[in-house]
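Take a look at the structure below.
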Amino acid sequence: MNIEFHPRTTSDLNHAKTHYNQKRTGLGEEFRSEVYAAIDRILRNPRQFHIIERDVRRCLVHRFPYSVYFRLLDTETVRVLVIRHHKRHPRVGLSRD
């Protein structure tokens, strides 16, 4: 399985990581690890995650109130659209291609 990232996902991840590191040293790295664990789960079996809207699916991040939203581009490619906090507006990031 191949993976692509929308260019803004780096910003999504880094912003949240900085926020958590300000709360406690090292917490940002723990967050990053959990996000990458979620992405690994997606790559193992992307169709196990429910479609939220149109063809966008969601995977919850363990331990943190975040989700990874993604789309299957074809049978071999996943595109991560947004890494979003649960309190953000539900439409944030879903229009990303």
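How things are named: the first chain in the structure tokens is A, the next is B, and so on; residues count from 1 in each chain; ligands count from 1 in the order shown.
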
Name the residues in contact with Ser67 in chain A at a cut-off of 8 Å, using only C-alpha atoms, excluding same-chain residues fewer than 5 positions from it; report them as a PDB file with C-alpha atoms, in the first residue's frame.
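Everything below was put into around11.pdb:
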```
ATOM      1  CA  ARG A  58     -11.712   8.417   9.528  1.00  0.00           C
ATOM      2  CA  CYS A  59      -9.285   6.658  11.849  1.00  0.00           C
ATOM      3  CA  LEU A  60      -9.193   7.654  15.514  1.00  0.00           C
ATOM      4  CA  VAL A  61      -5.824   8.349  17.121  1.00  0.00           C
ATOM      5  CA  ILE A  83      -5.070  15.325  11.077  1.00  0.00           C
ATOM      6  CA  ARG A  84      -7.812  17.042  13.038  1.00  0.00           C
ATOM      7  CA  HIS A  85      -8.692  17.662  16.679  1.00  0.00           C
ATOM      8  CA  HIS A  86     -12.171  16.446  17.599  1.00  0.00           C
TER       9      HIS A  86
END
```

### Task
Write out as a PyMOL selection string each polymer residue whose atoms come within 9 Å of Phe31 in chain A, counting only C-alpha atoms; drop sequence neighbours fewer than 2 positions from it.
chain A and resi 13+16-17+20+26-29+33-36+61-64

Any chance you could export the current selection's C-alpha atoms as a CSV table (one decimal), in the first residue's frame?
```
chain,number,residue,atom,x,y,z
A,13,LEU,CA,0.9,17.4,12.8
A,16,ALA,CA,-0.5,19.7,17.5
A,17,LYS,CA,3.0,18.4,18.4
A,20,TYR,CA,1.5,19.0,23.4
A,26,GLY,CA,8.0,14.7,25.2
A,27,LEU,CA,4.3,14.6,25.0
A,28,GLY,CA,4.5,16.0,21.4
A,29,GLU,CA,6.6,13.0,20.4
A,33,SER,CA,3.9,8.3,17.5
A,34,GLU,CA,0.2,7.7,18.0
A,35,VAL,CA,-0.6,9.5,14.7
A,36,TYR,CA,1.9,7.3,12.9
A,61,VAL,CA,-5.8,8.3,17.1
A,62,HIS,CA,-5.4,6.5,20.4
A,63,ARG,CA,-4.8,8.5,23.6
A,64,PHE,CA,-5.4,11.9,22.0
```

### Message
Using only C-alpha atoms, can you tell me which of A:Val92, A:Val82, A:Leu72, A:Ala37 comes closest to His50 in chain A?
### Response
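Ranking A:Val92, A:Val82, A:Leu72, A:Ala37 by distance to His50 in chain A, first place goes to A:Leu72.
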
### Query
Using only C-alpha atoms, which of A:Asn14, A:Thr77, A:Gln22, A:Asp55 sits nearest Ile42 in chain A?
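Smallest distance to Ile42 in chain A is found for A:Thr77.
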
### Task
Measuring atom to atom with only C-alpha atoms, identify which of A:Arg47, A:Arg24, A:His6, A:Arg32 is nearest to Val80 in chain A.
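Among A:Arg47, A:Arg24, A:His6, A:Arg32, it is A:His6 that comes nearest to Val80 in chain A.
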
### Message
Between CA of Gln48 in chain A and CA of Ser11 in chain A, what is the distance in Å, rounded to a tenth?
### Response
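Value for the CA of Gln48 in chain A-CA of Ser11 in chain A distance: 26.6 Å.
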